[in-house]
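Student: Input structure: input.pdb, which contains PDB, C-alpha atoms and all ligand atoms.
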ATOM      1  CA  MET N  30     163.769 123.360 111.955
ATOM      2  CA  LYS N  31     166.627 125.873 112.091
ATOM      3  CA  ILE N  32     168.518 126.968 115.204
ATOM      4  CA  VAL N  33     170.075 130.422 114.928
ATOM      5  CA  SER N  34     171.833 132.665 117.395
ATOM      6  CA  THR N  35     171.968 136.072 115.711
ATOM      7  CA  ILE N  36     169.332 138.770 115.301
ATOM      8  CA  GLU N  37     170.329 139.098 111.654
ATOM      9  CA  GLU N  38     169.528 135.439 110.935
ATOM     10  CA  VAL N  39     166.079 135.723 112.532
ATOM     11  CA  ARG N  40     165.305 138.874 110.565
ATOM     12  CA  ALA N  41     166.420 137.272 107.284
ATOM     13  CA  GLN N  42     164.252 134.199 107.867
ATOM     14  CA  VAL N  43     161.148 136.172 108.880
ATOM     15  CA  LYS N  44     161.632 138.463 105.868
ATOM     16  CA  GLU N  45     161.514 135.437 103.549
ATOM     17  CA  TRP N  46     158.350 134.142 105.201
ATOM     18  CA  ARG N  47     156.744 137.573 104.936
ATOM     19  CA  LYS N  48     157.536 137.679 101.203
ATOM     20  CA  GLU N  49     155.514 134.454 100.888
ATOM     21  CA  GLY N  50     152.656 136.053 102.841
ATOM     22  CA  LEU N  51     153.050 133.681 105.813
ATOM     23  CA  THR N  52     151.953 134.455 109.382
ATOM     24  CA  VAL N  53     154.350 134.046 112.322
ATOM     25  CA  GLY N  54     153.581 132.838 115.860
ATOM     26  CA  PHE N  55     156.149 133.389 118.607
ATOM     27  CA  VAL N  56     156.818 131.589 121.905
ATOM     28  CA  PRO N  57     159.392 133.386 124.095
ATOM     29  CA  THR N  58     161.005 131.046 126.652
ATOM     30  CA  MET N  59     164.019 130.719 128.900
ATOM     31  CA  GLY N  60     164.467 127.107 127.778
ATOM     32  CA  TYR N  61     164.484 123.854 129.747
ATOM     33  CA  LEU N  62     161.195 123.249 128.011
ATOM     34  CA  HIS N  63     158.420 121.107 129.488
ATOM     35  CA  GLU N  64     154.830 120.252 128.531
ATOM     36  CA  GLY N  65     153.726 123.777 129.511
ATOM     37  CA  HIS N  66     155.996 125.279 126.841
ATOM     38  CA  ALA N  67     155.013 122.503 124.414
ATOM     39  CA  SER N  68     151.363 123.547 124.802
ATOM     40  CA  LEU N  69     152.342 127.118 123.835
ATOM     41  CA  ILE N  70     154.197 125.851 120.746
ATOM     42  CA  ASP N  71     151.128 123.747 119.859
ATOM     43  CA  ALA N  72     148.880 126.804 120.232
ATOM     44  CA  ALA N  73     151.265 128.858 118.058
ATOM     45  CA  GLY N  74     150.742 126.220 115.354
ATOM     46  CA  GLU N  75     147.644 128.193 114.319
ATOM     47  CA  ASN N  76     150.149 130.409 112.449
ATOM     48  CA  ASP N  77     151.992 129.353 109.272
ATOM     49  CA  LYS N  78     155.386 129.494 111.011
ATOM     50  CA  VAL N  79     156.441 129.197 114.648
ATOM     51  CA  VAL N  80     159.495 130.823 116.244
ATOM     52  CA  VAL N  81     160.648 129.834 119.758
ATOM     53  CA  SER N  82     163.243 131.925 121.580
ATOM     54  CA  ILE N  83     165.432 130.296 124.215
ATOM     55  CA  PHE N  84     167.241 132.912 126.260
ATOM     56  CA  VAL N  85     167.911 132.964 129.998
ATOM     57  CA  ASN N  86     167.547 136.709 130.345
ATOM     58  CA  PRO N  87     170.032 138.059 132.941
ATOM     59  CA  MET N  88     168.123 141.352 133.175
ATOM     60  CA  GLN N  89     165.096 139.785 134.886
ATOM     61  CA  PHE N  90     167.049 138.087 137.703
ATOM     62  CA  GLY N  91     167.795 139.897 140.972
ATOM     63  CA  PRO N  92     171.308 139.768 142.498
ATOM     64  CA  ASN N  93     170.469 136.847 144.834
ATOM     65  CA  GLU N  94     168.337 134.889 142.391
ATOM     66  CA  ASP N  95     169.022 131.735 140.390
ATOM     67  CA  LEU N  96     170.518 133.110 137.137
ATOM     68  CA  ASP N  97     173.630 130.925 137.303
ATOM     69  CA  SER N  98     171.865 127.755 138.368
ATOM     70  CA  TYR N  99     168.850 128.179 136.041
ATOM     71  CA  PRO N 100     168.660 124.855 134.140
ATOM     72  CA  ARG N 101     169.790 124.834 130.506
ATOM     73  CA  ASP N 102     169.677 122.019 127.906
ATOM     74  CA  LEU N 103     169.522 123.141 124.283
ATOM     75  CA  GLU N 104     169.556 119.622 122.848
ATOM     76  CA  HIS N 105     166.503 118.609 124.885
ATOM     77  CA  ASP N 106     164.769 121.912 124.018
ATOM     78  CA  ALA N 107     165.440 121.454 120.291
ATOM     79  CA  LYS N 108     163.889 117.968 120.454
ATOM     80  CA  ILE N 109     160.695 119.324 122.044
ATOM     81  CA  CYS N 110     160.521 122.212 119.552
ATOM     82  CA  ARG N 111     160.983 119.811 116.625
ATOM     83  CA  GLU N 112     158.386 117.366 117.946
ATOM     84  CA  HIS N 113     155.865 120.185 118.311
ATOM     85  CA  GLY N 114     156.422 121.616 114.854
ATOM     86  CA  ALA N 115     158.459 124.777 115.563
ATOM     87  CA  ASP N 116     160.248 126.172 112.502
ATOM     88  CA  LEU N 117     162.953 128.321 114.074
ATOM     89  CA  ILE N 118     164.739 128.495 117.426
ATOM     90  CA  PHE N 119     166.388 131.798 118.319
ATOM     91  CA  HIS N 120     169.077 131.072 120.915
ATOM     92  CA  PRO N 121     171.085 134.280 121.365
ATOM     93  CA  THR N 122     173.931 134.974 123.788
ATOM     94  CA  PRO N 123     173.593 137.810 126.329
ATOM     95  CA  GLN N 124     176.222 139.643 124.221
ATOM     96  CA  GLU N 125     173.999 139.356 121.114
ATOM     97  CA  MET N 126     170.992 140.731 123.038
ATOM     98  CA  TYR N 127     172.661 143.441 125.109
ATOM     99  CA  GLY N 128     176.018 144.152 123.451
ATOM    100  CA  GLU N 129     178.875 145.863 125.299
ATOM    101  CA  SER N 130     176.597 148.466 126.843
ATOM    102  CA  PHE N 131     172.849 148.877 127.117
ATOM    103  CA  TYR N 132     170.939 151.970 128.265
ATOM    104  CA  SER N 133     167.282 151.545 127.304
ATOM    105  CA  TYR N 134     164.528 149.866 129.310
ATOM    106  CA  VAL N 135     160.820 149.209 129.073
ATOM    107  CA  ASP N 136     159.313 149.609 132.522
ATOM    108  CA  MET N 137     155.828 149.653 133.991
ATOM    109  CA  ASN N 138     154.256 150.795 137.240
ATOM    110  CA  VAL N 139     150.926 149.820 138.901
ATOM    111  CA  LEU N 140     150.700 146.270 137.513
ATOM    112  CA  THR N 141     154.220 145.459 138.677
ATOM    113  CA  GLU N 142     153.834 146.849 142.200
ATOM    114  CA  GLU N 143     151.984 143.869 143.660
ATOM    115  CA  LEU N 144     152.496 140.077 143.852
ATOM    116  CA  CYS N 145     155.846 138.984 142.348
ATOM    117  CA  GLY N 146     156.840 142.627 141.779
ATOM    118  CA  LEU N 147     157.103 143.115 145.556
ATOM    119  CA  SER N 148     159.598 140.329 146.176
ATOM    120  CA  ARG N 149     161.294 140.673 142.759
ATOM    121  CA  PRO N 150     161.607 144.468 142.316
ATOM    122  CA  ILE N 151     163.570 144.556 139.028
ATOM    123  CA  HIS N 152     162.018 141.445 137.508
ATOM    124  CA  PHE N 153     159.291 142.956 135.335
ATOM    125  CA  ARG N 154     161.533 145.678 133.955
ATOM    126  CA  GLY N 155     163.811 142.893 132.709
ATOM    127  CA  VAL N 156     160.880 140.908 131.333
ATOM    128  CA  CYS N 157     159.310 143.898 129.546
ATOM    129  CA  THR N 158     162.643 144.990 128.083
ATOM    130  CA  VAL N 159     163.619 141.578 126.736
ATOM    131  CA  VAL N 160     160.127 140.779 125.458
ATOM    132  CA  ALA N 161     159.907 144.166 123.689
ATOM    133  CA  LYS N 162     163.303 143.479 122.111
ATOM    134  CA  LEU N 163     162.244 139.978 121.063
ATOM    135  CA  PHE N 164     159.015 141.343 119.547
ATOM    136  CA  ASN N 165     161.095 143.878 117.554
ATOM    137  CA  ILE N 166     163.430 141.126 116.352
ATOM    138  CA  VAL N 167     160.850 138.448 115.489
ATOM    139  CA  THR N 168     157.959 140.795 114.527
ATOM    140  CA  PRO N 169     155.332 138.087 115.130
ATOM    141  CA  ASP N 170     151.605 138.309 114.412
ATOM    142  CA  LYS N 171     150.839 136.598 117.711
ATOM    143  CA  ALA N 172     152.855 135.701 120.819
ATOM    144  CA  TYR N 173     151.952 133.001 123.349
ATOM    145  CA  PHE N 174     152.383 133.115 127.145
ATOM    146  CA  GLY N 175     151.330 130.749 129.929
ATOM    147  CA  GLN N 176     148.610 131.649 132.418
ATOM    148  CA  LYS N 177     150.820 130.185 135.168
ATOM    149  CA  ASP N 178     152.749 133.465 135.105
ATOM    150  CA  ALA N 179     149.466 135.365 135.309
ATOM    151  CA  GLN N 180     151.027 138.663 136.359
ATOM    152  CA  GLN N 181     153.600 138.438 133.562
ATOM    153  CA  LEU N 182     150.792 137.786 131.057
ATOM    154  CA  ALA N 183     148.846 140.835 132.322
ATOM    155  CA  VAL N 184     151.996 142.996 132.205
ATOM    156  CA  ILE N 185     152.852 141.940 128.633
ATOM    157  CA  LYS N 186     149.266 142.533 127.453
ATOM    158  CA  ARG N 187     149.371 145.994 129.002
ATOM    159  CA  MET N 188     152.790 146.793 127.473
ATOM    160  CA  VAL N 189     151.508 145.820 124.023
ATOM    161  CA  LYS N 190     148.383 147.961 124.494
ATOM    162  CA  ASP N 191     150.148 150.991 126.001
ATOM    163  CA  LEU N 192     152.985 151.015 123.455
ATOM    164  CA  ASN N 193     150.815 150.148 120.411
ATOM    165  CA  MET N 194     152.862 147.078 119.557
ATOM    166  CA  PRO N 195     151.383 145.509 116.421
ATOM    167  CA  LEU N 196     150.722 141.953 117.582
ATOM    168  CA  ALA N 197     148.177 139.904 119.534
ATOM    169  CA  ILE N 198     148.992 138.277 122.887
ATOM    170  CA  VAL N 199     147.484 134.854 123.517
ATOM    171  CA  GLY N 200     147.270 133.443 127.062
ATOM    172  CA  CYS N 201     147.311 129.640 127.381
ATOM    173  CA  PRO N 202     146.045 127.479 130.295
ATOM    174  CA  ILE N 203     148.267 126.182 133.106
ATOM    175  CA  VAL N 204     149.621 122.682 132.426
ATOM    176  CA  ARG N 205     149.914 120.459 135.511
ATOM    177  CA  GLU N 206     151.675 117.238 136.455
ATOM    178  CA  GLU N 207     149.275 114.331 137.018
ATOM    179  CA  ASP N 208     149.320 114.980 140.759
ATOM    180  CA  GLY N 209     148.429 118.666 140.291
ATOM    181  CA  LEU N 210     151.779 120.486 140.564
ATOM    182  CA  ALA N 211     151.951 123.252 137.935
ATOM    183  CA  LYS N 212     154.737 122.547 135.414
ATOM    184  CA  SER N 213     157.773 124.772 135.890
ATOM    185  CA  SER N 214     161.428 124.585 134.921
ATOM    186  CA  ARG N 215     162.158 125.377 138.590
ATOM    187  CA  ASN N 216     160.484 122.110 139.720
ATOM    188  CA  THR N 217     163.808 120.468 138.829
ATOM    189  CA  TYR N 218     165.390 122.188 141.853
ATOM    190  CA  LEU N 219     163.181 120.189 144.243
ATOM    191  CA  SER N 220     164.498 117.182 146.187
ATOM    192  CA  ALA N 221     162.155 114.165 146.408
ATOM    193  CA  GLU N 222     160.907 115.366 149.779
ATOM    194  CA  GLU N 223     160.392 118.929 148.502
ATOM    195  CA  ARG N 224     158.626 117.660 145.393
ATOM    196  CA  LYS N 225     156.005 116.043 147.657
ATOM    197  CA  ALA N 226     155.782 119.175 149.794
ATOM    198  CA  ALA N 227     155.297 121.333 146.666
ATOM    199  CA  LEU N 228     151.888 119.749 146.151
ATOM    200  CA  VAL N 229     150.663 122.115 148.830
ATOM    201  CA  LEU N 230     150.499 124.873 146.175
ATOM    202  CA  SER N 231     148.028 123.085 143.921
ATOM    203  CA  ARG N 232     146.103 121.811 146.967
ATOM    204  CA  ALA N 233     145.655 125.411 148.139
ATOM    205  CA  VAL N 234     144.696 126.581 144.635
ATOM    206  CA  PHE N 235     142.149 123.776 144.197
ATOM    207  CA  LEU N 236     140.710 124.511 147.652
ATOM    208  CA  GLY N 237     140.317 128.234 146.877
ATOM    209  CA  LYS N 238     138.790 127.485 143.495
ATOM    210  CA  LYS N 239     136.331 125.025 145.056
ATOM    211  CA  MET N 240     135.240 127.545 147.710
ATOM    212  CA  ALA N 241     134.753 130.243 145.063
ATOM    213  CA  GLY N 242     132.920 127.741 142.820
ATOM    214  CA  GLU N 243     130.590 126.903 145.701
ATOM    215  CA  GLY N 244     129.646 130.563 146.014
ATOM    216  CA  GLU N 245     131.954 131.970 148.734
ATOM    217  CA  ARG N 246     132.430 135.655 147.905
ATOM    218  CA  ASP N 247     134.476 136.829 150.874
ATOM    219  CA  ALA N 248     138.062 137.029 149.599
ATOM    220  CA  GLU N 249     139.595 136.909 153.094
ATOM    221  CA  LYS N 250     137.738 133.691 154.006
ATOM    222  CA  ILE N 251     139.101 131.941 150.932
ATOM    223  CA  LEU N 252     142.613 133.342 151.379
ATOM    224  CA  ALA N 253     142.643 132.334 155.069
ATOM    225  CA  ALA N 254     141.649 128.763 154.174
ATOM    226  CA  MET N 255     144.368 128.646 151.504
ATOM    227  CA  ARG N 256     147.000 130.006 153.917
ATOM    228  CA  GLU N 257     145.959 127.486 156.552
ATOM    229  CA  GLU N 258     146.359 124.670 154.016
ATOM    230  CA  ILE N 259     149.864 125.861 153.046
ATOM    231  CA  GLU N 260     150.942 126.346 156.667
ATOM    232  CA  LYS N 261     150.227 122.655 157.363
ATOM    233  CA  GLU N 262     153.305 121.857 155.248
ATOM    234  CA  PRO N 263     156.510 122.307 157.300
ATOM    235  CA  LEU N 264     158.747 122.826 154.224
ATOM    236  CA  ALA N 265     156.539 125.614 152.853
ATOM    237  CA  LYS N 266     157.020 129.325 153.542
ATOM    238  CA  ILE N 267     154.436 131.724 152.110
ATOM    239  CA  ASP N 268     155.662 134.692 150.060
ATOM    240  CA  TYR N 269     152.105 135.801 149.218
ATOM    241  CA  VAL N 270     148.544 134.490 148.928
ATOM    242  CA  LYS N 271     146.430 137.260 147.391
ATOM    243  CA  MET N 272     143.366 138.092 145.360
ATOM    244  CA  VAL N 273     143.735 140.983 142.939
ATOM    245  CA  ASP N 274     141.822 142.659 140.154
ATOM    246  CA  LEU N 275     143.722 141.641 137.028
ATOM    247  CA  GLU N 276     143.280 145.088 135.431
ATOM    248  CA  THR N 277     144.870 147.001 138.330
ATOM    249  CA  MET N 278     146.619 144.325 140.466
ATOM    250  CA  GLN N 279     144.960 145.961 143.488
ATOM    251  CA  GLN N 280     143.803 143.596 146.224
ATOM    252  CA  VAL N 281     140.064 142.945 146.469
ATOM    253  CA  LYS N 282     137.778 142.084 149.388
ATOM    254  CA  VAL N 283     134.912 140.616 147.398
ATOM    255  CA  ILE N 284     135.311 138.071 144.645
ATOM    256  CA  GLU N 285     133.808 138.695 141.254
ATOM    257  CA  GLU N 286     134.582 137.810 137.656
ATOM    258  CA  GLY N 287     138.080 138.700 136.417
ATOM    259  CA  ILE N 288     139.715 138.243 139.816
ATOM    260  CA  LEU N 289     143.095 136.538 140.010
ATOM    261  CA  THR N 290     143.994 134.481 143.082
ATOM    262  CA  ALA N 291     147.765 134.074 143.052
ATOM    263  CA  ILE N 292     150.206 132.424 145.409
ATOM    264  CA  ALA N 293     153.979 132.291 145.718
ATOM    265  CA  VAL N 294     155.466 129.824 148.181
ATOM    266  CA  TYR N 295     159.029 128.853 149.007
ATOM    267  CA  ILE N 296     159.556 125.109 149.217
ATOM    268  CA  GLY N 297     162.981 125.014 150.802
ATOM    269  CA  LYS N 298     164.949 127.524 148.709
ATOM    270  CA  THR N 299     162.773 127.167 145.605
ATOM    271  CA  ARG N 300     160.111 129.801 145.023
ATOM    272  CA  LEU N 301     157.085 128.402 143.173
ATOM    273  CA  ILE N 302     153.925 130.133 141.942
ATOM    274  CA  ASP N 303     150.400 129.016 141.073
ATOM    275  CA  ASN N 304     147.024 130.687 140.585
ATOM    276  CA  PHE N 305     143.426 130.484 139.490
ATOM    277  CA  MET N 306     141.072 132.934 137.822
ATOM    278  CA  ILE N 307     137.423 133.658 138.397
ATOM    279  CA  GLU N 308     136.515 133.759 134.709
ATOM    280  CA  LYS N 309     134.641 136.701 133.177
TER
HETATM  281  O1  LIG E 401     158.311 133.408 131.130
HETATM  282  C1  LIG E 401     159.513 133.361 130.788
HETATM  283  O2  LIG E 401     160.072 132.289 130.539
HETATM  284  C2  LIG E 401     160.307 134.651 130.662
HETATM  285  O3  LIG E 401     159.930 135.572 131.635
HETATM  286  C3  LIG E 401     160.210 135.288 129.253
HETATM  287  C4  LIG E 401     158.798 135.732 128.929
HETATM  288  C5  LIG E 401     160.699 134.307 128.214
HETATM  289  C6  LIG E 401     161.109 136.530 129.192
HETATM  290  O4  LIG E 401     162.429 136.222 129.440
END
Can you dump the structure from the file as structure tokens?
Ligand code: PAF
Tutor:
Amino acid sequence: MKIVSTIEEVRAQVKEWRKEGLTVGFVPTMGYLHEGHASLIDAAGENDKVVVSIFVNPMQFGPNEDLDSYPRDLEHDAKICREHGADLIFHPTPQEMYGESFYSYVDMNVLTEELCGLSRPIHFRGVCTVVAKLFNIVTPDKAYFGQKDAQQLAVIKRMVKDLNMPLAIVGCPIVREEDGLAKSSRNTYLSAEERKAALVLSRAVFLGKKMAGEGERDAEKILAAMREEIEKEPLAKIDYVKMVDLETMQQVKVIEEGILTAIAVYIGKTRLIDNFMIEK
């Protein structure tokens, strides 16, 4: 497995693979990899070659967010990538990605105006811009994203469709700790007490899923039960608990197939997300 930091090196490597007629799978990440990322690298193994990018993208962090404290550990990440059969890590600097000046953005409305887009107004512009750049650099056949960031996955799928980007987007299931907490690099911010409190997210998600599975169709009844569950935890502060149509991100009153139930909750200062889908 190679680790490179320049766009030129990635392009040269992919060009060689293309000459041999090989397919390329791509897993974009911000590093500090865990089993969730590992599952994406495993899924990308359906291609002949797998590229993983590790780049903490400054453009998707708001002014008061955790850009500086976001955890980084390239050695640990390289070990996980190697163990899961990745062929190339692209680990650029912000300078390599954005140069001295940068004027072009990929932005989206509608899908970014609800859920995380409300509390993180510039986030999805940063995500779309960096992911579009990474797709142009790596030129993969398929790219892999986790369902935990369900809104991000919907936004990327829409960007690829709207802008006719020539690749397929593959969504992969949420990976959880044994006790239910969805894996996230941000879980490392939690103190022991907060880590216990954070279980309220998966408890609320499992409760909502159970109610929907048992036939409850009134969105507000399910959301109220989920909110009540979260509010029992003194360290938790709700950002949102919502049900939306995944195609439009508009809130729904009645549950049907293709509905996303998504939550964002602060545990102390750490903002965590979780969700479940009513499958089509
Ligand atoms: O999900 C992430 O880790 C990031 O948003 C992504 C897709 C790598 C873009 O920086």
Student: Please write as a short mmCIF file (atom, residue, chain, number, x, y, z; two decimals) with C-alpha atoms, keeping the file's coordinate frame the full residue list that the PyMOL selection byres (((chain N and resi 195) around 9) and not hetatm) yields on this file.
Tutor:
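Ended up saving to result31.cif:
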data_model
loop_
_atom_site.label_atom_id
_atom_site.label_comp_id
_atom_site.auth_asym_id
_atom_site.auth_seq_id
_atom_site.Cartn_x
_atom_site.Cartn_y
_atom_site.Cartn_z
CA THR N 168 157.96 140.79 114.53
CA PRO N 169 155.33 138.09 115.13
CA ASP N 170 151.60 138.31 114.41
CA VAL N 189 151.51 145.82 124.02
CA LYS N 190 148.38 147.96 124.49
CA ASN N 193 150.82 150.15 120.41
CA MET N 194 152.86 147.08 119.56
CA LEU N 196 150.72 141.95 117.58
CA ALA N 197 148.18 139.90 119.53
#
Student: What is the distance, in Å and to one decimal place, between atom CA of N:Lys78 and atom CA of N:Arg40?
Tutor: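 Here the two named atoms are 13.7 Å from each other.
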Student: Taking only C-alpha atoms and all ligand atoms and a cut-off of 10 Å, can you tell me which residues surround ligand LIG 401 (chain E), written as an mmCIF file with C-alpha atoms, in the frame of the given file?
Tutor:
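Written output follows (out-v2.cif):
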data_model
loop_
_atom_site.group_PDB
_atom_site.id
_atom_site.type_symbol
_atom_site.label_atom_id
_atom_site.label_comp_id
_atom_site.auth_asym_id
_atom_site.auth_seq_id
_atom_site.Cartn_x
_atom_site.Cartn_y
_atom_site.Cartn_z
ATOM 1 C CA VAL N 56 156.818 131.589 121.905
ATOM 2 C CA PRO N 57 159.392 133.386 124.095
ATOM 3 C CA THR N 58 161.005 131.046 126.652
ATOM 4 C CA MET N 59 164.019 130.719 128.900
ATOM 5 C CA GLY N 60 164.467 127.107 127.778
ATOM 6 C CA TYR N 61 164.484 123.854 129.747
ATOM 7 C CA LEU N 62 161.195 123.249 128.011
ATOM 8 C CA HIS N 66 155.996 125.279 126.841
ATOM 9 C CA VAL N 81 160.648 129.834 119.758
ATOM 10 C CA SER N 82 163.243 131.925 121.580
ATOM 11 C CA ILE N 83 165.432 130.296 124.215
ATOM 12 C CA PHE N 84 167.241 132.912 126.260
ATOM 13 C CA VAL N 85 167.911 132.964 129.998
ATOM 14 C CA ASN N 86 167.547 136.709 130.345
ATOM 15 C CA PRO N 87 170.032 138.059 132.941
ATOM 16 C CA MET N 88 168.123 141.352 133.175
ATOM 17 C CA GLN N 89 165.096 139.785 134.886
ATOM 18 C CA PHE N 90 167.049 138.087 137.703
ATOM 19 C CA HIS N 152 162.018 141.445 137.508
ATOM 20 C CA PHE N 153 159.291 142.956 135.335
ATOM 21 C CA GLY N 155 163.811 142.893 132.709
ATOM 22 C CA VAL N 156 160.880 140.908 131.333
ATOM 23 C CA CYS N 157 159.310 143.898 129.546
ATOM 24 C CA THR N 158 162.643 144.990 128.083
ATOM 25 C CA VAL N 159 163.619 141.578 126.736
ATOM 26 C CA VAL N 160 160.127 140.779 125.458
ATOM 27 C CA ALA N 161 159.907 144.166 123.689
ATOM 28 C CA LEU N 163 162.244 139.978 121.063
ATOM 29 C CA TYR N 173 151.952 133.001 123.349
ATOM 30 C CA PHE N 174 152.383 133.115 127.145
ATOM 31 C CA GLY N 175 151.330 130.749 129.929
ATOM 32 C CA GLN N 176 148.610 131.649 132.418
ATOM 33 C CA LYS N 177 150.820 130.185 135.168
ATOM 34 C CA ASP N 178 152.749 133.465 135.105
ATOM 35 C CA ALA N 179 149.466 135.365 135.309
ATOM 36 C CA GLN N 181 153.600 138.438 133.562
ATOM 37 C CA LEU N 182 150.792 137.786 131.057
ATOM 38 C CA ILE N 185 152.852 141.940 128.633
ATOM 39 C CA SER N 213 157.773 124.772 135.890
ATOM 40 C CA SER N 214 161.428 124.585 134.921
#
Student: For the structure shown, which residues end up in the PyMOL selection byres (((chain N and resi 288) around 6) and not hetatm)? Put them as a ChimeraX atom specification, please?
Tutor: /N:273-275,286-287,289,306-307
Student: Of the candidates N:Ala41, N:Leu219, N:Val204, N:Ala248, which one gets nearest to N:Ala67 if we count only C-alpha atoms?
Tutor: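 Residue with the minimum atom-to-atom distance to N:Ala67: N:Val204.
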Student: Ranking N:Gly200, N:Pro100, N:Gly50, N:Gly242 by minimum distance to N:Ala73 and counting only C-alpha atoms, which one comes first?
Tutor: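 The shortest atom-to-atom distance to N:Ala73 comes from N:Gly200.
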Student: Taking only C-alpha atoms into account, name the residue in N:Ile151, N:Ile203, N:Leu264, N:Ile251 that is nearest to N:Leu69.
Tutor: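 Of all the options, N:Ile203 lies closest to N:Leu69.
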Student: Enumerate, as a PDB file with C-alpha atoms, keeping the file's coordinate frame, the residues matched when the PyMOL selection byres (((chain N and resi 281) around 10) and not hetatm) is run on the file above.
Tutor:
ATOM      1  CA  ASP N 247     134.476 136.829 150.874  1.00  0.00           C
ATOM      2  CA  ALA N 248     138.062 137.029 149.599  1.00  0.00           C
ATOM      3  CA  GLU N 249     139.595 136.909 153.094  1.00  0.00           C
ATOM      4  CA  LYS N 271     146.430 137.260 147.391  1.00  0.00           C
ATOM      5  CA  MET N 272     143.366 138.092 145.360  1.00  0.00           C
ATOM      6  CA  VAL N 273     143.735 140.983 142.939  1.00  0.00           C
ATOM      7  CA  ASP N 274     141.822 142.659 140.154  1.00  0.00           C
ATOM      8  CA  MET N 278     146.619 144.325 140.466  1.00  0.00           C
ATOM      9  CA  GLN N 279     144.960 145.961 143.488  1.00  0.00           C
ATOM     10  CA  GLN N 280     143.803 143.596 146.224  1.00  0.00           C
ATOM     11  CA  LYS N 282     137.778 142.084 149.388  1.00  0.00           C
ATOM     12  CA  VAL N 283     134.912 140.616 147.398  1.00  0.00           C
ATOM     13  CA  ILE N 284     135.311 138.071 144.645  1.00  0.00           C
ATOM     14  CA  GLU N 285     133.808 138.695 141.254  1.00  0.00           C
ATOM     15  CA  ILE N 288     139.715 138.243 139.816  1.00  0.00           C
ATOM     16  CA  LEU N 289     143.095 136.538 140.010  1.00  0.00           C
ATOM     17  CA  THR N 290     143.994 134.481 143.082  1.00  0.00           C
TER      18      THR N 290
END
Student: Have a look at N:Ile292, N:Tyr269, N:Leu147, N:Lys162 and name the one nearest to N:Ser133; count only C-alpha atoms.
Tutor: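 When distances to N:Ser133 are compared using only C-alpha atoms, the smallest one comes from N:Lys162.
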Student: What does the structure give for the distance between atom CA of N:Glu112 and atom CA of N:Trp46, in Å to one decimal?
Tutor: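 Result for atom CA of N:Glu112 versus atom CA of N:Trp46: 21.1 Å, one decimal.
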Student: Name the closest residue to N:Gln180 among the candidates N:Met255, N:Val167, N:Leu144, N:Ile118; distances are taken between atoms, counting only C-alpha atoms.
Tutor: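 Smallest separation from N:Gln180 among the options: N:Leu144.
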Student: Env of stretch 223-234 of chain N: 12 Å cut, atoms = only C-alpha atoms, seq-sep filter 6 positions within chain, self excluded. Answer as a PyMOL selection string.
Tutor: chain N and resi 177+203-213+215-217+240-242+251-272+289-307
Student: Could those selected residues go to a file with C-alpha atoms, as a compact mmCIF listing (two decimals), in the coordinates of the input?
Tutor:
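What follows is the written file again.txt:
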# COMPACT_ATOMS: atom_id res chain seq x y z
CA LYS N 177 150.82 130.18 135.17
CA ILE N 203 148.27 126.18 133.11
CA VAL N 204 149.62 122.68 132.43
CA ARG N 205 149.91 120.46 135.51
CA GLU N 206 151.68 117.24 136.46
CA GLU N 207 149.28 114.33 137.02
CA ASP N 208 149.32 114.98 140.76
CA GLY N 209 148.43 118.67 140.29
CA LEU N 210 151.78 120.49 140.56
CA ALA N 211 151.95 123.25 137.94
CA LYS N 212 154.74 122.55 135.41
CA SER N 213 157.77 124.77 135.89
CA ARG N 215 162.16 125.38 138.59
CA ASN N 216 160.48 122.11 139.72
CA THR N 217 163.81 120.47 138.83
CA MET N 240 135.24 127.54 147.71
CA ALA N 241 134.75 130.24 145.06
CA GLY N 242 132.92 127.74 142.82
CA ILE N 251 139.10 131.94 150.93
CA LEU N 252 142.61 133.34 151.38
CA ALA N 253 142.64 132.33 155.07
CA ALA N 254 141.65 128.76 154.17
CA MET N 255 144.37 128.65 151.50
CA ARG N 256 147.00 130.01 153.92
CA GLU N 257 145.96 127.49 156.55
CA GLU N 258 146.36 124.67 154.02
CA ILE N 259 149.86 125.86 153.05
CA GLU N 260 150.94 126.35 156.67
CA LYS N 261 150.23 122.66 157.36
CA GLU N 262 153.30 121.86 155.25
CA PRO N 263 156.51 122.31 157.30
CA LEU N 264 158.75 122.83 154.22
CA ALA N 265 156.54 125.61 152.85
CA LYS N 266 157.02 129.32 153.54
CA ILE N 267 154.44 131.72 152.11
CA ASP N 268 155.66 134.69 150.06
CA TYR N 269 152.10 135.80 149.22
CA VAL N 270 148.54 134.49 148.93
CA LYS N 271 146.43 137.26 147.39
CA MET N 272 143.37 138.09 145.36
CA LEU N 289 143.10 136.54 140.01
CA THR N 290 143.99 134.48 143.08
CA ALA N 291 147.76 134.07 143.05
CA ILE N 292 150.21 132.42 145.41
CA ALA N 293 153.98 132.29 145.72
CA VAL N 294 155.47 129.82 148.18
CA TYR N 295 159.03 128.85 149.01
CA ILE N 296 159.56 125.11 149.22
CA GLY N 297 162.98 125.01 150.80
CA LYS N 298 164.95 127.52 148.71
CA THR N 299 162.77 127.17 145.60
CA ARG N 300 160.11 129.80 145.02
CA LEU N 301 157.08 128.40 143.17
CA ILE N 302 153.93 130.13 141.94
CA ASP N 303 150.40 129.02 141.07
CA ASN N 304 147.02 130.69 140.58
CA PHE N 305 143.43 130.48 139.49
CA MET N 306 141.07 132.93 137.82
CA ILE N 307 137.42 133.66 138.40
